[in-house]
file coords-v5.pdb (PDB, C-alpha atoms)
ATOM      1  CA  MET A   1       0.680   2.377  -3.507  1.00  0.00           C
ATOM      2  CA  GLU A   2       3.538   3.783  -1.498  1.00  0.00           C
ATOM      3  CA  VAL A   3       3.776   7.569  -1.053  1.00  0.00           C
ATOM      4  CA  ALA A   4       7.415   8.167  -1.815  1.00  0.00           C
ATOM      5  CA  ASN A   5       7.832  11.002  -4.273  1.00  0.00           C
ATOM      6  CA  GLU A   6       6.418  13.584  -6.645  1.00  0.00           C
ATOM      7  CA  ASP A   7       4.825  10.937  -8.873  1.00  0.00           C
ATOM      8  CA  THR A   8       1.813  11.014  -6.533  1.00  0.00           C
ATOM      9  CA  GLY A   9       0.197  13.937  -8.373  1.00  0.00           C
ATOM     10  CA  GLN A  10       0.549  12.271 -11.750  1.00  0.00           C
ATOM     11  CA  LEU A  11      -0.900   9.008 -10.407  1.00  0.00           C
ATOM     12  CA  LEU A  12      -3.854  10.856  -8.869  1.00  0.00           C
ATOM     13  CA  ASP A  13      -4.517  12.688 -12.148  1.00  0.00           C
ATOM     14  CA  ILE A  14      -4.552   9.385 -14.050  1.00  0.00           C
ATOM     15  CA  MET A  15      -6.763   7.751 -11.440  1.00  0.00           C
ATOM     16  CA  ASN A  16      -9.254  10.635 -11.676  1.00  0.00           C
ATOM     17  CA  GLN A  17      -9.576  10.036 -15.422  1.00  0.00           C
ATOM     18  CA  TYR A  18     -10.746   6.477 -14.683  1.00  0.00           C
ATOM     19  CA  ASP A  19     -12.768   7.295 -11.554  1.00  0.00           C
ATOM     20  CA  ALA A  20     -10.295   5.177  -9.568  1.00  0.00           C
ATOM     21  CA  LYS A  21      -9.294   5.447  -5.938  1.00  0.00           C
ATOM     22  CA  ALA A  22      -6.407   3.703  -4.222  1.00  0.00           C
ATOM     23  CA  THR A  23      -4.967   2.943  -0.840  1.00  0.00           C
ATOM     24  CA  PHE A  24      -1.571   4.596  -0.461  1.00  0.00           C
ATOM     25  CA  PHE A  25       0.792   3.164   2.150  1.00  0.00           C
ATOM     26  CA  MET A  26       3.085   5.821   3.565  1.00  0.00           C
ATOM     27  CA  VAL A  27       6.622   5.564   4.879  1.00  0.00           C
ATOM     28  CA  GLY A  28       7.043   8.089   7.680  1.00  0.00           C
ATOM     29  CA  GLU A  29      10.479   9.229   6.520  1.00  0.00           C
ATOM     30  CA  ASN A  30       8.817  10.551   3.355  1.00  0.00           C
ATOM     31  CA  LEU A  31       5.999  12.463   5.030  1.00  0.00           C
ATOM     32  CA  ASP A  32       8.145  15.480   5.878  1.00  0.00           C
ATOM     33  CA  HIS A  33       9.078  15.828   2.205  1.00  0.00           C
ATOM     34  CA  TYR A  34       5.596  15.320   0.687  1.00  0.00           C
ATOM     35  CA  PRO A  35       2.921  16.564   3.128  1.00  0.00           C
ATOM     36  CA  LYS A  36       0.920  18.186   0.289  1.00  0.00           C
ATOM     37  CA  ALA A  37       0.772  14.851  -1.557  1.00  0.00           C
ATOM     38  CA  VAL A  38      -0.724  13.152   1.496  1.00  0.00           C
ATOM     39  CA  LYS A  39      -3.359  15.856   1.934  1.00  0.00           C
ATOM     40  CA  CYS A  40      -4.118  15.778  -1.786  1.00  0.00           C
ATOM     41  CA  LEU A  41      -4.612  12.017  -2.005  1.00  0.00           C
ATOM     42  CA  VAL A  42      -6.989  12.097   0.969  1.00  0.00           C
ATOM     43  CA  LYS A  43      -8.887  15.065  -0.499  1.00  0.00           C
ATOM     44  CA  GLU A  44      -9.224  13.120  -3.766  1.00  0.00           C
ATOM     45  CA  GLY A  45     -10.775  10.154  -1.943  1.00  0.00           C
ATOM     46  CA  SER A  46      -7.881   7.734  -1.510  1.00  0.00           C
ATOM     47  CA  TYR A  47      -7.042   6.083   1.829  1.00  0.00           C
ATOM     48  CA  PRO A  48      -3.844   6.871   3.771  1.00  0.00           C
ATOM     49  CA  GLY A  49      -2.443   3.502   4.844  1.00  0.00           C
ATOM     50  CA  LEU A  50       0.705   3.115   6.925  1.00  0.00           C
ATOM     51  CA  HIS A  51       3.988   1.520   5.841  1.00  0.00           C
ATOM     52  CA  SER A  52       6.391   2.055   8.814  1.00  0.00           C
ATOM     53  CA  MET A  53       8.815   4.883   9.502  1.00  0.00           C
ATOM     54  CA  THR A  54      12.012   3.467   8.016  1.00  0.00           C
ATOM     55  CA  HIS A  55      11.126   0.465   5.833  1.00  0.00           C
ATOM     56  CA  SER A  56      14.185  -1.176   7.415  1.00  0.00           C
ATOM     57  CA  TYR A  57      14.008  -4.972   7.526  1.00  0.00           C
ATOM     58  CA  LYS A  58      16.636  -5.096  10.264  1.00  0.00           C
ATOM     59  CA  LYS A  59      14.878  -2.554  12.505  1.00  0.00           C
ATOM     60  CA  LEU A  60      11.403  -3.959  11.981  1.00  0.00           C
ATOM     61  CA  TYR A  61      11.988  -7.705  12.190  1.00  0.00           C
ATOM     62  CA  LYS A  62      15.378  -8.637  13.662  1.00  0.00           C
ATOM     63  CA  SER A  63      14.769  -7.644  17.304  1.00  0.00           C
ATOM     64  CA  GLY A  64      12.904 -10.841  18.186  1.00  0.00           C
ATOM     65  CA  SER A  65       9.656  -9.069  19.101  1.00  0.00           C
ATOM     66  CA  ALA A  66       6.994  -6.831  17.597  1.00  0.00           C
ATOM     67  CA  ASP A  67       8.063  -3.799  19.671  1.00  0.00           C
ATOM     68  CA  ASN A  68      10.138  -1.966  17.031  1.00  0.00           C
ATOM     69  CA  PHE A  69       7.557  -2.747  14.361  1.00  0.00           C
ATOM     70  CA  LEU A  70       4.673  -1.399  16.444  1.00  0.00           C
ATOM     71  CA  ASN A  71       6.613   1.668  17.587  1.00  0.00           C
ATOM     72  CA  GLU A  72       7.358   2.584  13.974  1.00  0.00           C
ATOM     73  CA  PHE A  73       3.749   2.109  12.913  1.00  0.00           C
ATOM     74  CA  LYS A  74       2.438   4.165  15.833  1.00  0.00           C
ATOM     75  CA  GLU A  75       4.900   6.925  14.931  1.00  0.00           C
ATOM     76  CA  VAL A  76       3.878   7.031  11.273  1.00  0.00           C
ATOM     77  CA  GLN A  77       0.226   6.827  12.339  1.00  0.00           C
ATOM     78  CA  ASN A  78       0.690   9.938  14.509  1.00  0.00           C
ATOM     79  CA  LYS A  79       2.422  11.783  11.643  1.00  0.00           C
ATOM     80  CA  VAL A  80      -0.384  10.966   9.204  1.00  0.00           C
ATOM     81  CA  GLU A  81      -3.043  11.901  11.745  1.00  0.00           C
ATOM     82  CA  ALA A  82      -1.364  15.291  12.261  1.00  0.00           C
ATOM     83  CA  LEU A  83      -1.545  15.896   8.495  1.00  0.00           C
ATOM     84  CA  ILE A  84      -5.097  14.733   7.789  1.00  0.00           C
ATOM     85  CA  GLY A  85      -7.001  15.061  11.077  1.00  0.00           C
ATOM     86  CA  TYR A  86      -8.019  11.443  11.637  1.00  0.00           C
ATOM     87  CA  THR A  87      -6.315   8.190  12.554  1.00  0.00           C
ATOM     88  CA  PRO A  88      -5.785   5.497   9.898  1.00  0.00           C
ATOM     89  CA  HIS A  89      -5.359   1.893  11.101  1.00  0.00           C
ATOM     90  CA  LEU A  90      -4.570  -0.063   7.929  1.00  0.00           C
ATOM     91  CA  ILE A  91      -0.927  -1.064   7.583  1.00  0.00           C
ATOM     92  CA  ARG A  92       1.241  -2.866   5.059  1.00  0.00           C
ATOM     93  CA  ALA A  93       4.273  -4.629   6.422  1.00  0.00           C
ATOM     94  CA  PRO A  94       7.439  -3.765   4.501  1.00  0.00           C
ATOM     95  CA  TYR A  95       8.487  -6.772   2.383  1.00  0.00           C
ATOM     96  CA  GLY A  96       5.125  -8.399   3.119  1.00  0.00           C
ATOM     97  CA  SER A  97       3.983 -10.156   6.253  1.00  0.00           C
ATOM     98  CA  SER A  98       5.324 -13.590   5.406  1.00  0.00           C
ATOM     99  CA  PRO A  99       7.559 -15.202   6.523  1.00  0.00           C
ATOM    100  CA  GLN A 100       8.801 -12.576   9.009  1.00  0.00           C
ATOM    101  CA  ILE A 101       5.542 -12.090  10.923  1.00  0.00           C
ATOM    102  CA  GLY A 102       4.408 -15.162  12.832  1.00  0.00           C
ATOM    103  CA  GLU A 103       1.208 -15.788  14.771  1.00  0.00           C
ATOM    104  CA  ALA A 104       2.281 -14.143  18.048  1.00  0.00           C
ATOM    105  CA  PHE A 105       3.614 -11.114  16.133  1.00  0.00           C
ATOM    106  CA  ARG A 106       0.284 -10.868  14.277  1.00  0.00           C
ATOM    107  CA  GLY A 107      -1.501 -11.021  17.626  1.00  0.00           C
ATOM    108  CA  ASP A 108       0.538  -8.062  18.872  1.00  0.00           C
ATOM    109  CA  ILE A 109      -0.369  -6.112  15.721  1.00  0.00           C
ATOM    110  CA  ALA A 110      -4.074  -6.875  16.191  1.00  0.00           C
ATOM    111  CA  GLU A 111      -3.906  -6.002  19.896  1.00  0.00           C
ATOM    112  CA  ALA A 112      -2.397  -2.619  18.956  1.00  0.00           C
ATOM    113  CA  GLY A 113      -5.541  -1.922  16.898  1.00  0.00           C
ATOM    114  CA  PHE A 114      -4.074  -2.248  13.417  1.00  0.00           C
ATOM    115  CA  LYS A 115      -5.449  -4.075  10.407  1.00  0.00           C
ATOM    116  CA  MET A 116      -2.896  -5.421   7.924  1.00  0.00           C
ATOM    117  CA  TRP A 117      -2.992  -5.944   4.192  1.00  0.00           C
ATOM    118  CA  ASP A 118      -0.594  -7.759   1.952  1.00  0.00           C
ATOM    119  CA  TRP A 119      -1.497  -8.136  -1.730  1.00  0.00           C
ATOM    120  CA  THR A 120      -3.020 -10.605  -4.164  1.00  0.00           C
ATOM    121  CA  THR A 121      -0.965  -9.499  -7.195  1.00  0.00           C
ATOM    122  CA  ASP A 122       2.541  -8.027  -7.123  1.00  0.00           C
ATOM    123  CA  SER A 123       3.313  -5.817 -10.122  1.00  0.00           C
ATOM    124  CA  LEU A 124       7.072  -5.824  -9.366  1.00  0.00           C
ATOM    125  CA  ASP A 125       6.973  -2.285 -10.769  1.00  0.00           C
ATOM    126  CA  TRP A 126       9.769  -1.145  -8.458  1.00  0.00           C
ATOM    127  CA  ASN A 127      12.099  -3.574 -10.231  1.00  0.00           C
ATOM    128  CA  LEU A 128      11.053  -2.779 -13.811  1.00  0.00           C
ATOM    129  CA  PRO A 129      12.315   0.737 -14.611  1.00  0.00           C
ATOM    130  CA  GLY A 130      11.615   1.715 -18.189  1.00  0.00           C
ATOM    131  CA  GLN A 131       9.460  -1.378 -18.704  1.00  0.00           C
ATOM    132  CA  PRO A 132       5.808  -0.342 -18.306  1.00  0.00           C
ATOM    133  CA  ASN A 133       4.665  -3.121 -20.662  1.00  0.00           C
ATOM    134  CA  LYS A 134       6.128  -5.773 -18.349  1.00  0.00           C
ATOM    135  CA  ILE A 135       4.260  -4.228 -15.421  1.00  0.00           C
ATOM    136  CA  ILE A 136       1.005  -4.302 -17.386  1.00  0.00           C
ATOM    137  CA  SER A 137       1.573  -7.898 -18.457  1.00  0.00           C
ATOM    138  CA  ARG A 138       2.433  -9.037 -14.941  1.00  0.00           C
ATOM    139  CA  ILE A 139      -0.724  -7.496 -13.497  1.00  0.00           C
ATOM    140  CA  LEU A 140      -2.984  -8.893 -16.210  1.00  0.00           C
ATOM    141  CA  LYS A 141      -1.552 -12.392 -15.643  1.00  0.00           C
ATOM    142  CA  GLY A 142      -2.076 -12.072 -11.882  1.00  0.00           C
ATOM    143  CA  VAL A 143      -5.648 -10.824 -11.671  1.00  0.00           C
ATOM    144  CA  HIS A 144      -8.361 -13.468 -11.636  1.00  0.00           C
ATOM    145  CA  ARG A 145     -10.136 -13.095  -8.282  1.00  0.00           C
ATOM    146  CA  ASP A 146     -13.333 -11.167  -7.582  1.00  0.00           C
ATOM    147  CA  THR A 147     -11.367  -8.841  -5.310  1.00  0.00           C
ATOM    148  CA  GLU A 148      -7.754  -7.932  -6.001  1.00  0.00           C
ATOM    149  CA  VAL A 149      -5.203  -5.912  -4.072  1.00  0.00           C
ATOM    150  CA  ILE A 150      -2.491  -4.998  -6.563  1.00  0.00           C
ATOM    151  CA  LEU A 151       0.856  -3.894  -5.180  1.00  0.00           C
ATOM    152  CA  MET A 152       2.315  -0.917  -7.022  1.00  0.00           C
ATOM    153  CA  HIS A 153       4.771   1.814  -6.103  1.00  0.00           C
ATOM    154  CA  GLU A 154       5.139   5.461  -7.029  1.00  0.00           C
ATOM    155  CA  ARG A 155       7.673   5.168  -9.799  1.00  0.00           C
ATOM    156  CA  LYS A 156       8.000   6.671 -13.273  1.00  0.00           C
ATOM    157  CA  GLN A 157       7.331   3.291 -14.903  1.00  0.00           C
ATOM    158  CA  THR A 158       4.151   2.907 -12.853  1.00  0.00           C
ATOM    159  CA  VAL A 159       2.936   6.320 -13.979  1.00  0.00           C
ATOM    160  CA  GLU A 160       3.582   5.211 -17.578  1.00  0.00           C
ATOM    161  CA  ALA A 161       1.793   1.877 -17.114  1.00  0.00           C
ATOM    162  CA  LEU A 162      -1.196   3.012 -15.047  1.00  0.00           C
ATOM    163  CA  PRO A 163      -3.513   4.325 -17.805  1.00  0.00           C
ATOM    164  CA  GLN A 164      -3.316   1.029 -19.692  1.00  0.00           C
ATOM    165  CA  ILE A 165      -3.680  -0.995 -16.464  1.00  0.00           C
ATOM    166  CA  LEU A 166      -6.828   0.880 -15.486  1.00  0.00           C
ATOM    167  CA  LYS A 167      -8.273   0.675 -19.004  1.00  0.00           C
ATOM    168  CA  LEU A 168      -7.669  -3.081 -19.291  1.00  0.00           C
ATOM    169  CA  LEU A 169      -8.922  -3.887 -15.790  1.00  0.00           C
ATOM    170  CA  LYS A 170     -12.031  -1.793 -16.353  1.00  0.00           C
ATOM    171  CA  ALA A 171     -12.669  -3.748 -19.563  1.00  0.00           C
ATOM    172  CA  LYS A 172     -12.444  -6.962 -17.494  1.00  0.00           C
ATOM    173  CA  GLY A 173     -15.213  -5.607 -15.256  1.00  0.00           C
ATOM    174  CA  TYR A 174     -13.126  -4.430 -12.311  1.00  0.00           C
ATOM    175  CA  GLU A 175     -14.008  -1.339 -10.316  1.00  0.00           C
ATOM    176  CA  PHE A 176     -11.387   0.628  -8.402  1.00  0.00           C
ATOM    177  CA  GLU A 177     -12.335   1.160  -4.797  1.00  0.00           C
ATOM    178  CA  VAL A 178     -10.559   2.659  -1.848  1.00  0.00           C
ATOM    179  CA  TYR A 179     -10.127   0.855   1.447  1.00  0.00           C
ATOM    180  CA  ASN A 180     -13.145   1.317   3.694  1.00  0.00           C
ATOM    181  CA  PRO A 181     -12.460   0.602   7.390  1.00  0.00           C
ATOM    182  CA  ASN A 182     -16.186  -0.037   7.918  1.00  0.00           C
ATOM    183  CA  GLU A 183     -16.088  -2.846   5.331  1.00  0.00           C
ATOM    184  CA  HIS A 184     -12.681  -4.335   6.107  1.00  0.00           C
ATOM    185  CA  LEU A 185     -11.496  -7.209   3.921  1.00  0.00           C
ATOM    186  CA  VAL A 186      -8.976  -9.742   5.203  1.00  0.00           C
ATOM    187  CA  VAL A 187      -6.059  -9.605   2.737  1.00  0.00           C
ATOM    188  CA  ASN A 188      -3.006 -10.935   4.514  1.00  0.00           C
ATOM    189  CA  PHE A 189      -0.856 -13.884   3.563  1.00  0.00           C
ATOM    190  CA  SER A 190      -1.801 -15.804   6.716  1.00  0.00           C
ATOM    191  CA  HIS A 191      -5.543 -15.194   6.254  1.00  0.00           C
ATOM    192  CA  ASP A 192      -5.556 -14.050   9.894  1.00  0.00           C
ATOM    193  CA  THR A 193      -9.052 -12.739  10.548  1.00  0.00           C
ATOM    194  CA  ARG A 194      -7.778 -10.624  13.466  1.00  0.00           C
ATOM    195  CA  LEU A 195      -6.124  -8.447  10.873  1.00  0.00           C
TER     196      LEU A 195
END
call {"tool": "encode", "arguments": {"input": "coords-v5.pdb", "output": "structure tokens"}}
result
Amino acid sequence: MEVANEDTGQLLDIMNQYDAKATFFMVGENLDHYPKAVKCLVKEGSYPGLHSMTHSYKKLYKSGSADNFLNEFKEVQNKVEALIGYTPHLIRAPYGSSPQIGEAFRGDIAEAGFKMWDWTTDSLDWNLPGQPNKIISRILKGVHRDTEVILMHERKQTVEALPQILKLLKAKGYEFEVYNPNEHLVVNFSHDTRL
């Protein structure tokens, strides 16, 4: 999930009811506005992933190299570390890693010490305001693997859909685990084991 607004507290409350943890990917521009949310999600057992400073496609990908991308992720990494006291290394590339991140770019990311996740199921929740049932349906249609990484965002419709999502996935036998850097899973569109 992406730490973007005050919906974080509501999502954490719902997750606690289902003994669920999540990996939240944070945009640096939002950290100054919601530092308590970041500290709270870590205290509650979720993982603070990184999601760039600006989320700007042009800034991150149009320069012809990985420099802007890596500079933004190092900056947001430093901001998160200052808030929580340790250094997270898991990132999610804005708009996903494919097609904008090629092999050499991925090599630069790995060399910088980051791990990168994409997702296995996209809820499209950001594009479905007022339609929690469509979010639920989309997720249920998408999950079929032993391990799933479901992309969701902190939006009102996600808050509305989450209890039913967790209930239905639990009934299917899924457990809700937080990212563990000591048991890293490769979940990127290129299946690049460096990341």
call {"tool": "resolve_selection", "arguments": {"input": "coords-v5.pdb", "expression": "the PyMOL selection byres ((chain A and resi 49) around 7)", "output": "number ranges by chain"}}
result
A: 23-26, 47-48, 50-51, 88, 90-91
call {"tool": "resolve_selection", "arguments": {"input": "coords-v5.pdb", "expression": "the PyMOL selection byres ((chain A and resi 36) around 12)", "output": "ChimeraX atom specification"}}
result
/A:3,5-6,8-9,30-35,37-43,80,83-84
call {"tool": "residues_around", "arguments": {"input": "coords-v5.pdb", "residues": "Pro163 in chain A", "least_positions_apart": "3", "cutoff": "8 Å", "atoms": "all atoms listed in the file", "output": "ChimeraX atom specification"}}
result
/A:14-15,159-160,166-167
call {"tool": "residues_near_point", "arguments": {"input": "coords-v5.pdb", "point": "(-3.6, -7.9, 13.5)", "cutoff": "12 Å", "atoms": "all atoms listed in the file", "output": "PDB file with C-alpha atoms, in the coordinates of the input"}}
result
ATOM      1  CA  ALA A  66       6.994  -6.831  17.597  1.00  0.00           C
ATOM      2  CA  LEU A  70       4.673  -1.399  16.444  1.00  0.00           C
ATOM      3  CA  HIS A  89      -5.359   1.893  11.101  1.00  0.00           C
ATOM      4  CA  LEU A  90      -4.570  -0.063   7.929  1.00  0.00           C
ATOM      5  CA  ILE A  91      -0.927  -1.064   7.583  1.00  0.00           C
ATOM      6  CA  ARG A  92       1.241  -2.866   5.059  1.00  0.00           C
ATOM      7  CA  ALA A  93       4.273  -4.629   6.422  1.00  0.00           C
ATOM      8  CA  SER A  97       3.983 -10.156   6.253  1.00  0.00           C
ATOM      9  CA  ILE A 101       5.542 -12.090  10.923  1.00  0.00           C
ATOM     10  CA  GLY A 102       4.408 -15.162  12.832  1.00  0.00           C
ATOM     11  CA  GLU A 103       1.208 -15.788  14.771  1.00  0.00           C
ATOM     12  CA  ALA A 104       2.281 -14.143  18.048  1.00  0.00           C
ATOM     13  CA  PHE A 105       3.614 -11.114  16.133  1.00  0.00           C
ATOM     14  CA  ARG A 106       0.284 -10.868  14.277  1.00  0.00           C
ATOM     15  CA  GLY A 107      -1.501 -11.021  17.626  1.00  0.00           C
ATOM     16  CA  ASP A 108       0.538  -8.062  18.872  1.00  0.00           C
ATOM     17  CA  ILE A 109      -0.369  -6.112  15.721  1.00  0.00           C
ATOM     18  CA  ALA A 110      -4.074  -6.875  16.191  1.00  0.00           C
ATOM     19  CA  GLU A 111      -3.906  -6.002  19.896  1.00  0.00           C
ATOM     20  CA  ALA A 112      -2.397  -2.619  18.956  1.00  0.00           C
ATOM     21  CA  GLY A 113      -5.541  -1.922  16.898  1.00  0.00           C
ATOM     22  CA  PHE A 114      -4.074  -2.248  13.417  1.00  0.00           C
ATOM     23  CA  LYS A 115      -5.449  -4.075  10.407  1.00  0.00           C
ATOM     24  CA  MET A 116      -2.896  -5.421   7.924  1.00  0.00           C
ATOM     25  CA  TRP A 117      -2.992  -5.944   4.192  1.00  0.00           C
ATOM     26  CA  ASP A 118      -0.594  -7.759   1.952  1.00  0.00           C
ATOM     27  CA  VAL A 186      -8.976  -9.742   5.203  1.00  0.00           C
ATOM     28  CA  VAL A 187      -6.059  -9.605   2.737  1.00  0.00           C
ATOM     29  CA  ASN A 188      -3.006 -10.935   4.514  1.00  0.00           C
ATOM     30  CA  PHE A 189      -0.856 -13.884   3.563  1.00  0.00           C
ATOM     31  CA  SER A 190      -1.801 -15.804   6.716  1.00  0.00           C
ATOM     32  CA  HIS A 191      -5.543 -15.194   6.254  1.00  0.00           C
ATOM     33  CA  ASP A 192      -5.556 -14.050   9.894  1.00  0.00           C
ATOM     34  CA  THR A 193      -9.052 -12.739  10.548  1.00  0.00           C
ATOM     35  CA  ARG A 194      -7.778 -10.624  13.466  1.00  0.00           C
ATOM     36  CA  LEU A 195      -6.124  -8.447  10.873  1.00  0.00           C
TER      37      LEU A 195
END
call {"tool": "closest_residue", "arguments": {"input": "coords-v5.pdb", "among": "A:Asn133, A:Asp125, A:Asp7, A:Glu44", "to": "Ala22 in chain A", "atoms": "all atoms listed in the file"}}
result
A:Glu44
call {"tool": "atom_distance", "arguments": {"input": "coords-v5.pdb", "atom1": "CA of Asn180 in chain A", "atom2": "CA of Gly45 in chain A"}}
result
10.7 Å
call {"tool": "resolve_selection", "arguments": {"input": "coords-v5.pdb", "expression": "the PyMOL selection byres ((chain A and resi 18-21) around 6)", "output": "list of chain:residue names"}}
result
A:Met15, A:Asn16, A:Gln17, A:Ala22, A:Ser46, A:Phe176, A:Glu177, A:Val178
call {"tool": "closest_residue", "arguments": {"input": "coords-v5.pdb", "among": "A:Val143, A:Ala171, A:Val27, A:Leu128", "to": "Lys156 in chain A", "atoms": "all atoms listed in the file"}}
result
A:Leu128
call {"tool": "closest_residue", "arguments": {"input": "coords-v5.pdb", "among": "A:Lys134, A:His184, A:Lys62, A:Lys172", "to": "Thr158 in chain A", "atoms": "all atoms listed in the file"}}
result
A:Lys134
call {"tool": "atom_distance", "arguments": {"input": "coords-v5.pdb", "atom1": "CA of Lys170 in chain A", "atom2": "CA of His153 in chain A"}}
result
20.0 Å
call {"tool": "atom_distance", "arguments": {"input": "coords-v5.pdb", "atom1": "CA of Thr120 in chain A", "atom2": "CA of Leu12 in chain A"}}
result
22.0 Å
call {"tool": "residues_near_point", "arguments": {"input": "coords-v5.pdb", "point": "(11.7, -0.2, 10.1)", "cutoff": "9 Å", "atoms": "all atoms listed in the file", "output": "PyMOL selection string"}}
result
chain A and resi 51-61+68-69+72-73+94
call {"tool": "closest_residue", "arguments": {"input": "coords-v5.pdb", "among": "A:Leu11, A:Ala161, A:Ala82, A:Leu169", "to": "Ile136 in chain A", "atoms": "all atoms listed in the file"}}
result
A:Ala161
call {"tool": "decode", "arguments": {"input": "coords-v5.pdb", "residues": "range 86-101 of chain A", "atoms": "N, CA, C and O atoms", "output": "compact mmCIF listing (two decimals), in the first residue's frame"}}
result
# COMPACT_ATOMS: atom_id res chain seq x y z
N TYR A 86 15.77 2.69 11.34
CA TYR A 86 16.51 1.70 10.57
C TYR A 86 16.27 1.93 9.08
O TYR A 86 15.38 2.69 8.70
N THR A 87 17.07 1.26 8.26
CA THR A 87 17.08 1.55 6.83
C THR A 87 16.34 0.48 6.03
O THR A 87 16.83 -0.65 5.90
N PRO A 88 15.19 0.81 5.45
CA PRO A 88 14.50 -0.15 4.57
C PRO A 88 15.15 -0.15 3.18
O PRO A 88 15.68 0.86 2.73
N HIS A 89 15.08 -1.31 2.51
CA HIS A 89 15.70 -1.45 1.19
C HIS A 89 14.73 -1.89 0.10
O HIS A 89 15.11 -1.98 -1.06
N LEU A 90 13.49 -2.21 0.47
CA LEU A 90 12.53 -2.67 -0.53
C LEU A 90 11.86 -1.46 -1.19
O LEU A 90 11.37 -0.57 -0.51
N ILE A 91 11.86 -1.47 -2.52
CA ILE A 91 11.25 -0.36 -3.26
C ILE A 91 10.16 -0.88 -4.19
O ILE A 91 10.12 -2.06 -4.52
N ARG A 92 9.27 0.03 -4.57
CA ARG A 92 8.32 -0.23 -5.65
C ARG A 92 8.45 0.92 -6.61
O ARG A 92 8.31 2.09 -6.24
N ALA A 93 8.74 0.59 -7.86
CA ALA A 93 8.89 1.60 -8.89
C ALA A 93 7.54 2.20 -9.23
O ALA A 93 6.60 1.46 -9.52
N PRO A 94 7.41 3.53 -9.20
CA PRO A 94 6.15 4.13 -9.63
C PRO A 94 5.77 3.67 -11.03
O PRO A 94 6.63 3.58 -11.91
N TYR A 95 4.52 3.32 -11.22
CA TYR A 95 3.96 2.82 -12.48
C TYR A 95 4.46 1.41 -12.82
O TYR A 95 4.24 0.93 -13.92
N GLY A 96 5.13 0.75 -11.90
CA GLY A 96 5.65 -0.58 -12.15
C GLY A 96 6.99 -0.53 -12.86
O GLY A 96 7.38 0.48 -13.42
N SER A 97 7.69 -1.63 -12.81
CA SER A 97 9.05 -1.66 -13.36
C SER A 97 9.09 -1.86 -14.87
O SER A 97 10.10 -1.58 -15.50
N SER A 98 8.03 -2.35 -15.43
CA SER A 98 8.03 -2.64 -16.87
C SER A 98 7.03 -1.74 -17.57
O SER A 98 5.93 -1.52 -17.05
N PRO A 99 7.39 -1.20 -18.71
CA PRO A 99 8.57 -1.44 -19.53
C PRO A 99 9.71 -0.44 -19.28
O PRO A 99 10.76 -0.54 -19.91
N GLN A 100 9.55 0.51 -18.38
CA GLN A 100 10.51 1.60 -18.25
C GLN A 100 11.85 1.25 -17.63
O GLN A 100 12.79 2.01 -17.74
N ILE A 101 11.95 0.10 -16.97
CA ILE A 101 13.21 -0.27 -16.33
C ILE A 101 13.78 -1.50 -17.02
O ILE A 101 13.29 -2.62 -16.86
